[in-house]
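Please read the structure below before turning to the comments.
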Amino acid sequence: MGIKVTKFGGSSLADAGQINKVKNILASDPSRRYMVPSAPGKRHKDDDKITDLLYKCHDIATTGKSIDPVFEQIRTRYTQIARQLGITLDIQPELDEIYRRISAGEKRDYAASRGEYMNGKIIASALGWDFVDAADVIRFNEKGIFDAEKTNALMSEELKKHEYAVIPGFYGSRPDGTIKTFSRGGSDITGSIVARAVNAELYENWTDVSGFLVVDPRIVDNPRTIHTVTYRELRELSYMGATVLHEDAIFPVSMCGIPINIRNTNMPEAEGTMIVSTVEGSSKDGTVTGIAGKKNFTVITLEKDMMNVERGFGRRVLSVLEEKGISFEHLPTGIDTMSIVVADKELDGKLEAVLDGIREQARPDSIDLQKDMALIAVVGRAMVRSCGTAAKVFKALGDAGINVRMIDQGSSELNIIVGVDNSCFEKAIQAVYAAFFE
Ligand code: ASP
């Protein structure tokens, strides 16, 4: 029987009631042998995540003040969870130690990591599974850079000794033993690392939504769920603003072709979304897999007669951006025109200097600026095999009275990107969604 690795997010573990749901999920499939927990998340909208409270304790400790009022909230949450789960483990000595070390000025990453550590201890006790401390099996180098190969060797060696184990998410250690965390949401990465190390048949990532939605539900009511998405499509969609999974969680599993299944702890019967390297046969998702977008871009358009025969024009223009430390998004070109699409936050305070630099370096005949532009990515692996996708996108936009100000299609034919006014952003996404999914 293949092995499944499960990762449960903070909302799936926010209280004993949620943890009991997780217990049932794990009990229903014995191939779910390794479990990676986040720290307890929010129980309701105004609640605090344990990780945020731990960061707060650390920040207070650095000012020399008492962490007692905030630490009490953490202690109460864990004590309540442990009591309601009826575990035998006495968690007070561990909490005392954490309290002592944070008060004594321990580093920020140590403080933050204790959310997952404590949750891992409690859940392991509730399940009757082994606890494997991530500090012993996830390695960063002295500079704090994740060491994938050392980690893989340590992790796979250690997990051979445990039939069922809980490995807390979000952190590991440096060679000197100090704790280092991944960036926020990093338990997703731990799950992926564990899946690689045990050569899992599946990495299940359990959260509070039933998979990836085709489009942001704040823009379209009740959008469909994506059934299957490839790693590459997902990368395009996440880059354009869709979020569910930490970006760095893809690599460890995608390199060995382990699929990820996004599932909903509160609706375990839902199939969720499968993330795979390739899809064989016909797709259940149609031509377009997902639609995502971002606002606030500026387009700088340069015109110069005979640009197409001038050697080095592009290089000179791009060197100005590089010099100013600006990264650009797209570069649509015509025979004598070149447009550069840049996110406003990249240009912040630097626009005039960039324009001066381009005038000086590339001597264009004219420079035109279009501000307040939004980019929308229509992503779908099936585009490459079907005719008329672009026509359908532009017809939908045209019928909705939306003026398309830029078009870019990646050469991989995975993606059609259109630029529209910020003010038309939502309407444009709704129109494209309706054309393909309603
Ligand atoms: N607890 C950490 C955070 O809130 C990591 C995680 O949940 O994945 O960012």
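Note on naming: chains are A, B, ... as they come in the structure tokens, residues start from 1 per chain, ligands start from 1 in the order shown.
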
Give me, as CSV, each residue of chain A that comes within 6 Å of ligand 1, together with its shortest interatomic pair and the distance in Å at one decimal, counting only C-alpha atoms and all ligand atoms, with rows ordered by chain and rising residue number.
```
residue,atom,partner,partner_atom_place_in_ligand_line,distance
A:Gly9,CA,ligand 1,7 (O),5.9
A:Gly10,CA,ligand 1,7 (O),5.5
A:Ser38,CA,ligand 1,7 (O),4.4
A:Ala39,CA,ligand 1,1 (N),4.8
A:Thr51,CA,ligand 1,1 (N),5.1
A:Phe170,CA,ligand 1,5 (C),5.1
A:Arg184,CA,ligand 1,9 (O),3.5
A:Gly185,CA,ligand 1,8 (O),3.2
A:Gly186,CA,ligand 1,8 (O),4.3
A:Ser187,CA,ligand 1,8 (O),3.7
A:Asp188,CA,ligand 1,8 (O),5.8
```

Could you write out, as number ranges by chain, all the residues of segment 13-254 of chain A that DSSP marks as strand (DSSP E or B)? A: 32-37, 130-131, 139-140, 146, 165-166, 171-173, 179-181, 202-207, 213, 225, 228-230

As an exercise, work out the distance from atom CA of Asp372 of chain A to atom CA of Ser423 of chain A in Å and give it to one decimal place.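 Distance reported for this atom pair: 8.2 Å.
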
I'd like the contact shell of segment 227-240 of chain A - 7 Å cut-off, only C-alpha atoms, skipping same-chain residues fewer than 4 positions apart - returned as a compact mmCIF listing (two decimals) with N, CA and C atoms, in the first residue's frame.
```
# COMPACT_ATOMS: atom_id res chain seq x y z
N GLY A 272 -12.05 17.71 -3.71
CA GLY A 272 -11.01 18.74 -3.70
C GLY A 272 -10.34 18.88 -5.05
N THR A 273 -9.15 19.47 -5.03
CA THR A 273 -8.40 19.70 -6.28
C THR A 273 -7.15 18.84 -6.30
N MET A 274 -6.90 18.20 -7.44
CA MET A 274 -5.65 17.45 -7.60
C MET A 274 -4.65 18.31 -8.35
N ILE A 275 -3.42 18.39 -7.82
CA ILE A 275 -2.35 19.10 -8.52
C ILE A 275 -1.38 18.05 -9.01
N VAL A 276 -1.17 18.00 -10.31
CA VAL A 276 -0.40 16.90 -10.89
C VAL A 276 0.65 17.44 -11.87
N SER A 277 1.58 16.59 -12.30
CA SER A 277 2.57 17.11 -13.25
C SER A 277 2.00 17.14 -14.66
N THR A 278 1.31 16.08 -15.05
CA THR A 278 0.68 16.10 -16.38
C THR A 278 -0.70 15.45 -16.28
N LYS A 284 -11.52 17.17 -17.25
CA LYS A 284 -12.86 17.45 -16.73
C LYS A 284 -13.08 18.94 -16.61
N ASP A 285 -11.99 19.70 -16.73
CA ASP A 285 -12.08 21.12 -16.43
C ASP A 285 -12.31 22.01 -17.65
N THR A 289 -8.68 26.45 -17.18
CA THR A 289 -8.63 25.84 -15.85
C THR A 289 -8.93 26.88 -14.78
N ALA A 292 -7.17 34.39 -13.04
CA ALA A 292 -6.68 35.16 -11.89
C ALA A 292 -6.19 36.51 -12.40
N GLY A 293 -6.00 37.43 -11.52
CA GLY A 293 -5.52 38.72 -11.99
C GLY A 293 -5.06 39.63 -10.87
N LYS A 294 -4.42 40.70 -11.28
CA LYS A 294 -3.92 41.68 -10.31
C LYS A 294 -4.11 43.08 -10.87
N ALA A 377 -5.08 36.89 -16.15
CA ALA A 377 -4.52 35.70 -16.80
C ALA A 377 -5.61 34.65 -16.94
N VAL A 379 -5.89 30.94 -17.74
CA VAL A 379 -4.91 29.86 -17.76
C VAL A 379 -5.58 28.54 -18.10
N GLY A 380 -4.96 27.76 -18.97
CA GLY A 380 -5.53 26.44 -19.28
C GLY A 380 -4.59 25.61 -20.12
N ARG A 381 -4.27 24.42 -19.63
CA ARG A 381 -3.35 23.55 -20.37
C ARG A 381 -3.97 23.06 -21.68
```

Which of segment 99-240 of chain A end up as alpha helix (DSSP H) when DSSP is run on this backbone - answer as an MDAnalysis selection string? chainID A and resid 99:103 108:127 134:137 148:159 187:197 231:239

Nearest-residue call for Cys424 of chain A, choices A:Ala374, A:Leu13, A:Ala135, A:Met406, using only C-alpha atoms: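 Closest candidate: A:Ala374.
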
List as a Markdown table every residue of segment 276-316 of chain A that is in contact with segment 344-356 of chain A, defined as an atom at most 9 Å from one of its atoms (using only C-alpha atoms), together with the nearest atom pair and the distance in Å rounded to one decimal, sorted by chain and then rising number.
```
| residue | atom | partner | partner_atom | distance |
| --- | --- | --- | --- | --- |
| A:Asn296 | CA | A:Asp344 | CA | 5.7 |
| A:Phe297 | CA | A:Asp344 | CA | 5.1 |
| A:Thr298 | CA | A:Asp344 | CA | 6.2 |
| A:Ile300 | CA | A:Leu355 | CA | 8.7 |
```

Preceding selection exported with all heavy atoms as an mmCIF file, in the first residue's frame:
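Result file follows (result_2.cif):
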```cif
data_model
loop_
_atom_site.group_PDB
_atom_site.id
_atom_site.type_symbol
_atom_site.label_atom_id
_atom_site.label_comp_id
_atom_site.auth_asym_id
_atom_site.auth_seq_id
_atom_site.Cartn_x
_atom_site.Cartn_y
_atom_site.Cartn_z
ATOM 1 N N ASN A 296 -3.176 47.408 -10.720
ATOM 2 C CA ASN A 296 -2.097 48.371 -10.498
ATOM 3 C C ASN A 296 -0.772 48.078 -11.206
ATOM 4 O O ASN A 296 0.241 47.765 -10.577
ATOM 5 C CB ASN A 296 -1.865 48.574 -8.984
ATOM 6 C CG ASN A 296 -3.122 49.083 -8.320
ATOM 7 O OD1 ASN A 296 -3.884 49.855 -8.922
ATOM 8 N ND2 ASN A 296 -3.377 48.655 -7.101
ATOM 9 N N PHE A 297 -0.843 48.190 -12.509
ATOM 10 C CA PHE A 297 0.359 48.121 -13.335
ATOM 11 C C PHE A 297 0.455 49.392 -14.177
ATOM 12 O O PHE A 297 -0.559 50.050 -14.434
ATOM 13 C CB PHE A 297 0.298 46.914 -14.281
ATOM 14 C CG PHE A 297 0.368 45.605 -13.563
ATOM 15 C CD1 PHE A 297 -0.778 44.995 -13.088
ATOM 16 C CD2 PHE A 297 1.597 44.992 -13.349
ATOM 17 C CE1 PHE A 297 -0.713 43.781 -12.401
ATOM 18 C CE2 PHE A 297 1.671 43.778 -12.671
ATOM 19 C CZ PHE A 297 0.517 43.178 -12.207
ATOM 20 N N THR A 298 1.679 49.692 -14.610
ATOM 21 C CA THR A 298 1.889 50.792 -15.550
ATOM 22 C C THR A 298 2.524 50.212 -16.804
ATOM 23 O O THR A 298 3.377 49.322 -16.713
ATOM 24 C CB THR A 298 2.828 51.852 -14.922
ATOM 25 O OG1 THR A 298 2.138 52.445 -13.819
ATOM 26 C CG2 THR A 298 3.233 52.939 -15.909
ATOM 27 N N ILE A 300 4.745 51.235 -20.024
ATOM 28 C CA ILE A 300 5.593 52.263 -20.640
ATOM 29 C C ILE A 300 5.782 51.838 -22.105
ATOM 30 O O ILE A 300 6.353 50.776 -22.359
ATOM 31 C CB ILE A 300 6.972 52.340 -19.949
ATOM 32 C CG1 ILE A 300 6.793 52.541 -18.437
ATOM 33 C CG2 ILE A 300 7.851 53.414 -20.557
ATOM 34 C CD1 ILE A 300 8.075 52.375 -17.629
#
```

Segment 249-255 of chain A environment, 7 Å, only C-alpha atoms, sequence neighbours closer than 5 positions dropped, as a list in words: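 Final neighbour list, sorted by chain and number: Asp188, Ile189, Ser192, Ile193, Ala195, Arg196 and Ser277 of chain A.
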
Based on the selection just made, write N, CA and C atoms of those residues as a PDB file, in the first residue's frame.
```pdb
ATOM      1  N   ASP A 188       3.025  24.060   4.770  1.00  0.00           N
ATOM      2  CA  ASP A 188       2.797  23.441   3.457  1.00  0.00           C
ATOM      3  C   ASP A 188       4.100  22.872   2.904  1.00  0.00           C
ATOM      4  N   ILE A 189       5.191  23.602   3.145  1.00  0.00           N
ATOM      5  CA  ILE A 189       6.498  23.168   2.635  1.00  0.00           C
ATOM      6  C   ILE A 189       6.933  21.908   3.383  1.00  0.00           C
ATOM      7  N   SER A 192       5.313  18.878   2.051  1.00  0.00           N
ATOM      8  CA  SER A 192       5.872  18.506   0.765  1.00  0.00           C
ATOM      9  C   SER A 192       7.220  17.793   0.930  1.00  0.00           C
ATOM     10  N   ILE A 193       8.011  18.285   1.878  1.00  0.00           N
ATOM     11  CA  ILE A 193       9.325  17.679   2.154  1.00  0.00           C
ATOM     12  C   ILE A 193       9.144  16.250   2.694  1.00  0.00           C
ATOM     13  N   ALA A 195       6.571  14.311   2.168  1.00  0.00           N
ATOM     14  CA  ALA A 195       6.052  13.471   1.077  1.00  0.00           C
ATOM     15  C   ALA A 195       7.196  12.993   0.186  1.00  0.00           C
ATOM     16  N   ARG A 196       8.112  13.885  -0.105  1.00  0.00           N
ATOM     17  CA  ARG A 196       9.268  13.489  -0.935  1.00  0.00           C
ATOM     18  C   ARG A 196      10.100  12.429  -0.205  1.00  0.00           C
ATOM     19  N   SER A 277       1.579  16.594 -12.296  1.00  0.00           N
ATOM     20  CA  SER A 277       2.566  17.115 -13.246  1.00  0.00           C
ATOM     21  C   SER A 277       2.003  17.138 -14.663  1.00  0.00           C
TER      22      SER A 277
END
```

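When only C-alpha atoms are used to compute distances to Gln18 of chain A, the closest of the residues A:Ile74, A:Ile123, A:Val36, A:Ile3 turns out to be A:Ile123.
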
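Nearest residue to Pro268 of chain A, choosing from A:Lys121, A:Lys180, A:Lys23, A:Arg316 and counting only C-alpha atoms: A:Lys23.
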
Can you tell me, as an NGL selection string, what residues are no more than 10 Å from Val220 of chain A when counting only C-alpha atoms, ignoring any on the same chain fewer than 2 positions away? :A and (214-218 or 222-224 or 426-427 or 429-431 or 433-434)

Those residues you just picked out, can you put them in a file as a CSV table (one decimal), in the first residue's frame with N, CA and C atoms?
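Contents of out.csv, freshly written:
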```csv
chain,number,residue,atom,x,y,z
A,214,VAL,N,-12.0,28.2,-9.5
A,214,VAL,CA,-11.6,28.7,-10.8
A,214,VAL,C,-11.3,30.2,-10.8
A,215,VAL,N,-12.0,30.9,-9.9
A,215,VAL,CA,-11.8,32.3,-9.8
A,215,VAL,C,-12.0,32.8,-8.4
A,216,ASP,N,-11.5,34.0,-8.1
A,216,ASP,CA,-11.6,34.5,-6.7
A,216,ASP,C,-13.1,34.7,-6.3
A,217,PRO,N,-13.6,34.1,-5.2
A,217,PRO,CA,-15.0,34.1,-4.9
A,217,PRO,C,-15.5,35.5,-4.5
A,218,ARG,N,-14.5,36.4,-4.3
A,218,ARG,CA,-14.9,37.8,-4.0
A,218,ARG,C,-15.4,38.5,-5.2
A,222,ASN,N,-19.9,32.0,-5.8
A,222,ASN,CA,-19.9,30.6,-5.9
A,222,ASN,C,-19.3,30.0,-7.2
A,223,PRO,N,-18.0,30.3,-7.4
A,223,PRO,CA,-17.4,29.8,-8.6
A,223,PRO,C,-17.2,28.3,-8.5
A,224,ARG,N,-16.9,27.6,-9.6
A,224,ARG,CA,-16.6,26.2,-9.6
A,224,ARG,C,-15.3,25.9,-9.0
A,426,GLU,N,-13.0,43.7,-12.3
A,426,GLU,CA,-13.9,42.7,-11.8
A,426,GLU,C,-14.9,42.3,-12.9
A,427,LYS,N,-15.3,43.4,-13.7
A,427,LYS,CA,-16.3,43.1,-14.7
A,427,LYS,C,-15.7,42.2,-15.8
A,429,ILE,N,-13.3,40.0,-15.4
A,429,ILE,CA,-13.1,38.6,-14.9
A,429,ILE,C,-14.5,37.9,-14.9
A,430,GLN,N,-15.5,38.6,-14.5
A,430,GLN,CA,-16.9,38.0,-14.5
A,430,GLN,C,-17.3,37.6,-15.9
A,431,ALA,N,-17.0,38.5,-16.9
A,431,ALA,CA,-17.3,38.2,-18.3
A,431,ALA,C,-16.6,37.0,-18.8
A,433,TYR,N,-15.3,34.5,-17.0
A,433,TYR,CA,-15.8,33.3,-16.3
A,433,TYR,C,-17.2,32.9,-16.9
A,434,ALA,N,-18.0,33.8,-17.1
A,434,ALA,CA,-19.4,33.5,-17.7
A,434,ALA,C,-19.2,32.8,-19.0
```

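Using only C-alpha atoms, the nearest neighbour of Arg101 of chain A within the list A:Gly211, A:Lys371, A:Arg311, A:Ala61 is A:Ala61.
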
I want to know what sits within 12 Å of Glu94 of chain A, based on only C-alpha atoms, with residues of the same chain fewer than 2 positions away left out; could you give that as a list of chain:residue names? A:Arg75, A:Tyr78, A:Thr79, A:Leu89, A:Asp90, A:Ile91, A:Gln92, A:Asp96, A:Glu97, A:Ile98, A:Tyr99, A:Arg100, A:Arg101, A:Arg114, A:Gly115, A:Tyr117, A:Met118, A:Asn119, A:Lys121, A:Ile122

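For the pair atom CA of Asp368 of chain A and atom CA of Ser412 of chain A, the interatomic distance is 29.1 Å.
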
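Counting from atom CA of Asp15 of chain A, the distance to atom CA of Ile81 of chain A is 5.8 Å.
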